[in-house]
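Contents: one structure, followed by commentary.
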Amino acid sequence: MARARRLALTSIAAVALLLGSAGVAQAAPGATVRTEGGPLKVRSGPSRSGVIVGTLPNGASLTVVCQQNGQQITGVVRTTTAWDKLGDGRFVSDAYVNRPGPAPAACAVAASAWVRPTDAAIWGGFRTPRNPHHDGVDLGAQRNSPVRAAAAGIVVTAECNVSPTHSCDVDGSPALAGCGWYVEVRHPDSTVTRYCHLIRRPQVNVGQPVAGGQVLGFAGTSGNSSAPHLHFEVHTGYPAVSANAVDPVPFMAAHGAPLG
Ligand SMILES: [Zn+2]
């Protein structure tokens, strides 16, 4: 009788162990660091702007919990925007990771409610007859007013875009092309939102997770712009290109955060 009970307890413990291991993300089997010889930097976030928090020697095996999109890196193994999240929450670029099996699953980024990126009137619409290539809406945000992420996501762009060569730290003009200082956020379903003409370098870096409503930067008139405002775009896929731009007015209304 005692022996039977002990056996039963043993099998319960084994079942519990199996359930326990099934409950955590499966690590990619046999992943190893492959560099040109030097150590691989481990960073606090999925970007070269992340703080270096350690290194892994060439050839070291590593446990990847999941992958997150961040800064594109050209490494020894591949060119990729994928960063591998390690068990301790730190990141290495997947460009330097060799593995025999498939890529690990994407890290979960919690979806959030949508919010207005700025509280301002609509000055200009999406692809109007007068401006058929206008892939977003212009919101009359005052200079230095906060520009917020329309929903949670990962920052995929935070840079100065202007041509011909010109500073984004001064007022732009209609004679220039480009978004000026701008940010793009990739949301969990790969919707991308774009925020243009910021007054100075954005408050966020590529690879940084942001919450819905988090301040990305401040409104200005850098790049192709004649007065302070926020040019806001919504794209239904990543990367954001003209072909996947949609009218932000019905999109935001359908997501409970009407513009204007
Ligand atoms: Zn515009």
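Each chain in the structure tokens gets a letter, A, B and so on, in the order shown; residues start at 1 in every chain, and ligands are counted from 1 in the order they appear.
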
I need the residues in stretch 13-163 of chain A that are strand (DSSP E or B) according to DSSP; give them as a PyMOL selection string.
chain A and resi 32-33+40-43+52-56+61+64-74+79-86+91-93+97-98+106+122-124+128+131+137-139+146-148+153-163

Around ligand 1, out to 12 Å and counting only C-alpha atoms and all ligand atoms, which residues are there? I want them as a PyMOL selection string.
chain A and resi 122-128+131-141+174+177-180+194-197+221-233+247-248

Saved selection, atoms kept: N, CA and C atoms, as a compact mmCIF listing (two decimals), in the first residue's frame:
```
# COMPACT_ATOMS: atom_id res chain seq x y z
N ILE A 122 -7.66 69.31 -37.16
CA ILE A 122 -7.13 68.80 -38.43
C ILE A 122 -6.98 69.97 -39.41
N TRP A 123 -5.76 70.20 -39.86
CA TRP A 123 -5.48 71.28 -40.80
C TRP A 123 -5.49 70.80 -42.24
N GLY A 124 -5.08 69.55 -42.43
CA GLY A 124 -4.96 69.03 -43.80
C GLY A 124 -5.28 67.55 -43.81
N GLY A 125 -6.01 67.12 -44.84
CA GLY A 125 -6.47 65.75 -44.90
C GLY A 125 -5.53 64.82 -45.64
N PHE A 126 -5.96 63.56 -45.68
CA PHE A 126 -5.20 62.48 -46.31
C PHE A 126 -5.48 62.48 -47.82
N ARG A 127 -4.45 62.58 -48.63
CA ARG A 127 -4.56 62.49 -50.10
C ARG A 127 -5.73 63.32 -50.64
N THR A 128 -5.65 64.61 -50.42
CA THR A 128 -6.69 65.51 -50.92
C THR A 128 -6.44 65.80 -52.40
N ASN A 131 -3.49 67.81 -52.81
CA ASN A 131 -2.25 67.22 -52.29
C ASN A 131 -2.38 65.70 -52.31
N PRO A 132 -2.45 65.10 -53.52
CA PRO A 132 -2.77 63.67 -53.62
C PRO A 132 -1.70 62.74 -53.05
N HIS A 133 -0.49 63.27 -52.83
CA HIS A 133 0.57 62.42 -52.28
C HIS A 133 0.75 62.63 -50.78
N HIS A 134 -0.20 63.28 -50.14
CA HIS A 134 -0.12 63.54 -48.70
C HIS A 134 -0.63 62.30 -47.97
N ASP A 135 0.32 61.48 -47.48
CA ASP A 135 -0.02 60.17 -46.94
C ASP A 135 -0.43 60.19 -45.47
N GLY A 136 -0.74 61.38 -44.96
CA GLY A 136 -1.17 61.46 -43.56
C GLY A 136 -2.10 62.63 -43.36
N VAL A 137 -2.31 62.99 -42.11
CA VAL A 137 -3.10 64.19 -41.81
C VAL A 137 -2.21 65.18 -41.06
N ASP A 138 -2.52 66.47 -41.23
CA ASP A 138 -1.81 67.52 -40.51
C ASP A 138 -2.68 67.99 -39.35
N LEU A 139 -2.11 67.91 -38.17
CA LEU A 139 -2.81 68.32 -36.95
C LEU A 139 -2.13 69.58 -36.43
N GLY A 140 -2.93 70.61 -36.16
CA GLY A 140 -2.38 71.92 -35.82
C GLY A 140 -1.80 72.01 -34.42
N ALA A 141 -0.84 71.16 -34.14
CA ALA A 141 -0.21 71.16 -32.81
C ALA A 141 0.70 72.37 -32.65
N PRO A 174 8.74 74.76 -47.05
CA PRO A 174 8.16 73.97 -48.14
C PRO A 174 9.18 73.64 -49.23
N ALA A 177 12.42 68.72 -48.63
CA ALA A 177 11.66 67.48 -48.62
C ALA A 177 11.99 66.73 -47.34
N GLY A 178 11.06 65.92 -46.88
CA GLY A 178 11.35 65.05 -45.74
C GLY A 178 10.54 65.38 -44.50
N CYS A 179 10.55 64.42 -43.60
CA CYS A 179 9.75 64.47 -42.37
C CYS A 179 10.40 65.28 -41.26
N GLY A 180 11.64 65.75 -41.47
CA GLY A 180 12.36 66.39 -40.37
C GLY A 180 12.66 65.35 -39.28
N ARG A 194 3.42 57.02 -37.76
CA ARG A 194 4.57 57.90 -38.07
C ARG A 194 4.24 59.32 -37.61
N TYR A 195 5.22 59.99 -37.02
CA TYR A 195 5.04 61.31 -36.41
C TYR A 195 6.16 62.21 -36.94
N CYS A 196 5.79 63.24 -37.74
CA CYS A 196 6.81 64.05 -38.44
C CYS A 196 6.89 65.49 -37.94
N HIS A 197 8.01 66.13 -38.29
CA HIS A 197 8.30 67.57 -38.10
C HIS A 197 8.52 67.94 -36.64
N THR A 221 8.46 72.24 -36.66
CA THR A 221 8.25 72.49 -38.08
C THR A 221 9.52 72.14 -38.86
N SER A 222 10.20 71.07 -38.45
CA SER A 222 11.42 70.64 -39.16
C SER A 222 11.05 69.92 -40.46
N GLY A 223 11.96 69.97 -41.42
CA GLY A 223 11.75 69.29 -42.71
C GLY A 223 10.79 70.06 -43.61
N ASN A 224 10.00 69.31 -44.40
CA ASN A 224 9.08 69.89 -45.38
C ASN A 224 7.84 70.40 -44.66
N SER A 225 7.93 71.61 -44.13
CA SER A 225 6.85 72.14 -43.29
C SER A 225 6.91 73.65 -43.28
N SER A 226 5.73 74.29 -43.27
CA SER A 226 5.69 75.75 -43.31
C SER A 226 5.30 76.37 -41.98
N ALA A 227 4.83 75.56 -41.04
CA ALA A 227 4.43 76.08 -39.73
C ALA A 227 4.39 74.90 -38.75
N PRO A 228 4.51 75.16 -37.47
CA PRO A 228 4.46 74.06 -36.50
C PRO A 228 3.16 73.27 -36.63
N HIS A 229 3.29 71.96 -36.71
CA HIS A 229 2.14 71.06 -36.73
C HIS A 229 2.66 69.64 -36.58
N LEU A 230 1.74 68.70 -36.38
CA LEU A 230 2.12 67.29 -36.40
C LEU A 230 1.55 66.65 -37.65
N HIS A 231 2.44 66.10 -38.46
CA HIS A 231 2.00 65.27 -39.60
C HIS A 231 1.98 63.83 -39.08
N PHE A 232 0.81 63.21 -39.14
CA PHE A 232 0.59 61.90 -38.54
C PHE A 232 0.14 60.91 -39.60
N GLU A 233 0.81 59.76 -39.67
CA GLU A 233 0.46 58.73 -40.65
C GLU A 233 0.15 57.41 -39.95
N ASP A 247 -5.98 56.35 -44.38
CA ASP A 247 -6.44 57.62 -43.82
C ASP A 247 -6.53 57.50 -42.29
N PRO A 248 -5.74 58.29 -41.56
CA PRO A 248 -5.76 58.19 -40.09
C PRO A 248 -7.09 58.59 -39.46
```

With a distance cut-off of 7 Å and only C-alpha atoms, select the neighbouring residues of A:Pro209, excluding the residue or stretch itself and same-chain residues fewer than 2 positions from it, and output the selection as a ChimeraX atom specification.
/A:153-155,207,211

Restricting it to N, CA and C atoms, dump the selection as a PDB file, in the first residue's frame.
```pdb
ATOM      1  N   GLY A 153       3.849  50.007 -28.518  1.00  0.00           N
ATOM      2  CA  GLY A 153       4.598  49.370 -29.586  1.00  0.00           C
ATOM      3  C   GLY A 153       6.090  49.505 -29.358  1.00  0.00           C
ATOM      4  N   ILE A 154       6.829  49.279 -30.442  1.00  0.00           N
ATOM      5  CA  ILE A 154       8.287  49.371 -30.416  1.00  0.00           C
ATOM      6  C   ILE A 154       8.698  50.487 -31.371  1.00  0.00           C
ATOM      7  N   VAL A 155       9.579  51.374 -30.934  1.00  0.00           N
ATOM      8  CA  VAL A 155      10.090  52.430 -31.804  1.00  0.00           C
ATOM      9  C   VAL A 155      10.983  51.792 -32.872  1.00  0.00           C
ATOM     10  N   GLY A 207      14.142  50.668 -31.072  1.00  0.00           N
ATOM     11  CA  GLY A 207      14.153  49.450 -30.265  1.00  0.00           C
ATOM     12  C   GLY A 207      13.483  49.592 -28.921  1.00  0.00           C
ATOM     13  N   ALA A 211       4.680  52.885 -24.324  1.00  0.00           N
ATOM     14  CA  ALA A 211       3.284  52.684 -23.946  1.00  0.00           C
ATOM     15  C   ALA A 211       2.404  53.607 -24.771  1.00  0.00           C
TER      16      ALA A 211
END
```

Would you please work out which residue, of A:Gly220, A:Gly260, A:Pro250, A:Gly70, is nearest to A:Ser145 when using only C-alpha atoms?
A:Gly220

Tell me which protein, DNA and RNA residues are within 10 Å of A:Pro146, counting only C-alpha atoms, leaving out same-chain ones fewer than 3 positions away, and put them as a list in words.
Pro117, Thr118, Asp119, Ala141, Gln142, Arg143, Ala149, Leu198, Gly213, Gln214, Val215, Leu216, Gly217, Phe218, Ala219, Gly220 and Leu230 of chain A

List as an NGL selection string the protein and nucleic acid residues near A:Val53, meaning an atom at most 8 Å away when only C-alpha atoms are counted, but skip any in the same chain fewer than 4 places from it.
:A and (41-44 or 90)

Restricting it to N, CA, C and O atoms, dump the selection as a PDB file, in the first residue's frame.
```pdb
ATOM      1  N   LYS A  41      28.367  41.888 -27.783  1.00  0.00           N
ATOM      2  CA  LYS A  41      27.842  42.775 -26.733  1.00  0.00           C
ATOM      3  C   LYS A  41      26.403  42.402 -26.384  1.00  0.00           C
ATOM      4  O   LYS A  41      25.583  42.148 -27.264  1.00  0.00           O
ATOM      5  N   VAL A  42      26.128  42.366 -25.100  1.00  0.00           N
ATOM      6  CA  VAL A  42      24.773  42.150 -24.595  1.00  0.00           C
ATOM      7  C   VAL A  42      24.251  43.511 -24.149  1.00  0.00           C
ATOM      8  O   VAL A  42      24.954  44.245 -23.441  1.00  0.00           O
ATOM      9  N   ARG A  43      23.037  43.865 -24.619  1.00  0.00           N
ATOM     10  CA  ARG A  43      22.548  45.226 -24.382  1.00  0.00           C
ATOM     11  C   ARG A  43      21.226  45.237 -23.615  1.00  0.00           C
ATOM     12  O   ARG A  43      20.497  44.248 -23.599  1.00  0.00           O
ATOM     13  N   SER A  44      20.925  46.404 -23.060  1.00  0.00           N
ATOM     14  CA  SER A  44      19.706  46.556 -22.254  1.00  0.00           C
ATOM     15  C   SER A  44      18.455  46.599 -23.116  1.00  0.00           C
ATOM     16  O   SER A  44      17.354  46.333 -22.644  1.00  0.00           O
ATOM     17  N   ARG A  90      17.848  40.620 -21.188  1.00  0.00           N
ATOM     18  CA  ARG A  90      18.774  41.439 -21.971  1.00  0.00           C
ATOM     19  C   ARG A  90      18.771  40.967 -23.428  1.00  0.00           C
ATOM     20  O   ARG A  90      18.189  39.932 -23.739  1.00  0.00           O
TER      21      ARG A  90
END
```

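Interatomic distance, atom CA of A:Ala105 to atom CA of A:Pro39: 25.1 Å.
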
Atomic distance atom CA of A:Ala106 - atom CA of A:Gly89, expressed in Å with one decimal:
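Value for the atom CA of A:Ala106-atom CA of A:Gly89 distance: 13.7 Å.
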
Apply DSSP to the structure's backbone, then extract all residues of stretch 17-100 of chain A labelled helix (DSSP H, G or I) and return them as a PyMOL selection string.
chain A and resi 17-22+94-96

Selection export as a compact mmCIF listing (two decimals), in the first residue's frame, atoms kept: N, CA and C atoms:
```
# COMPACT_ATOMS: atom_id res chain seq x y z
N LEU A 17 6.21 18.44 -13.40
CA LEU A 17 7.45 18.90 -14.01
C LEU A 17 7.24 19.18 -15.50
N LEU A 18 6.53 18.27 -16.17
CA LEU A 18 6.26 18.44 -17.60
C LEU A 18 5.42 19.69 -17.84
N LEU A 19 4.39 19.87 -17.02
CA LEU A 19 3.54 21.05 -17.17
C LEU A 19 4.36 22.32 -16.95
N GLY A 20 5.24 22.23 -15.95
CA GLY A 20 6.07 23.40 -15.64
C GLY A 20 6.94 23.79 -16.82
N SER A 21 7.53 22.82 -17.48
CA SER A 21 8.42 23.17 -18.59
C SER A 21 7.62 23.61 -19.81
N ALA A 22 6.38 23.10 -19.94
CA ALA A 22 5.56 23.51 -21.09
C ALA A 22 5.06 24.94 -20.91
N ASP A 94 20.42 39.30 -33.35
CA ASP A 94 20.32 37.98 -33.98
C ASP A 94 21.26 37.86 -35.17
N ALA A 95 21.86 38.99 -35.59
CA ALA A 95 22.81 38.96 -36.70
C ALA A 95 24.05 38.14 -36.38
N TYR A 96 24.28 37.89 -35.08
CA TYR A 96 25.47 37.16 -34.64
C TYR A 96 25.11 35.85 -33.94
```
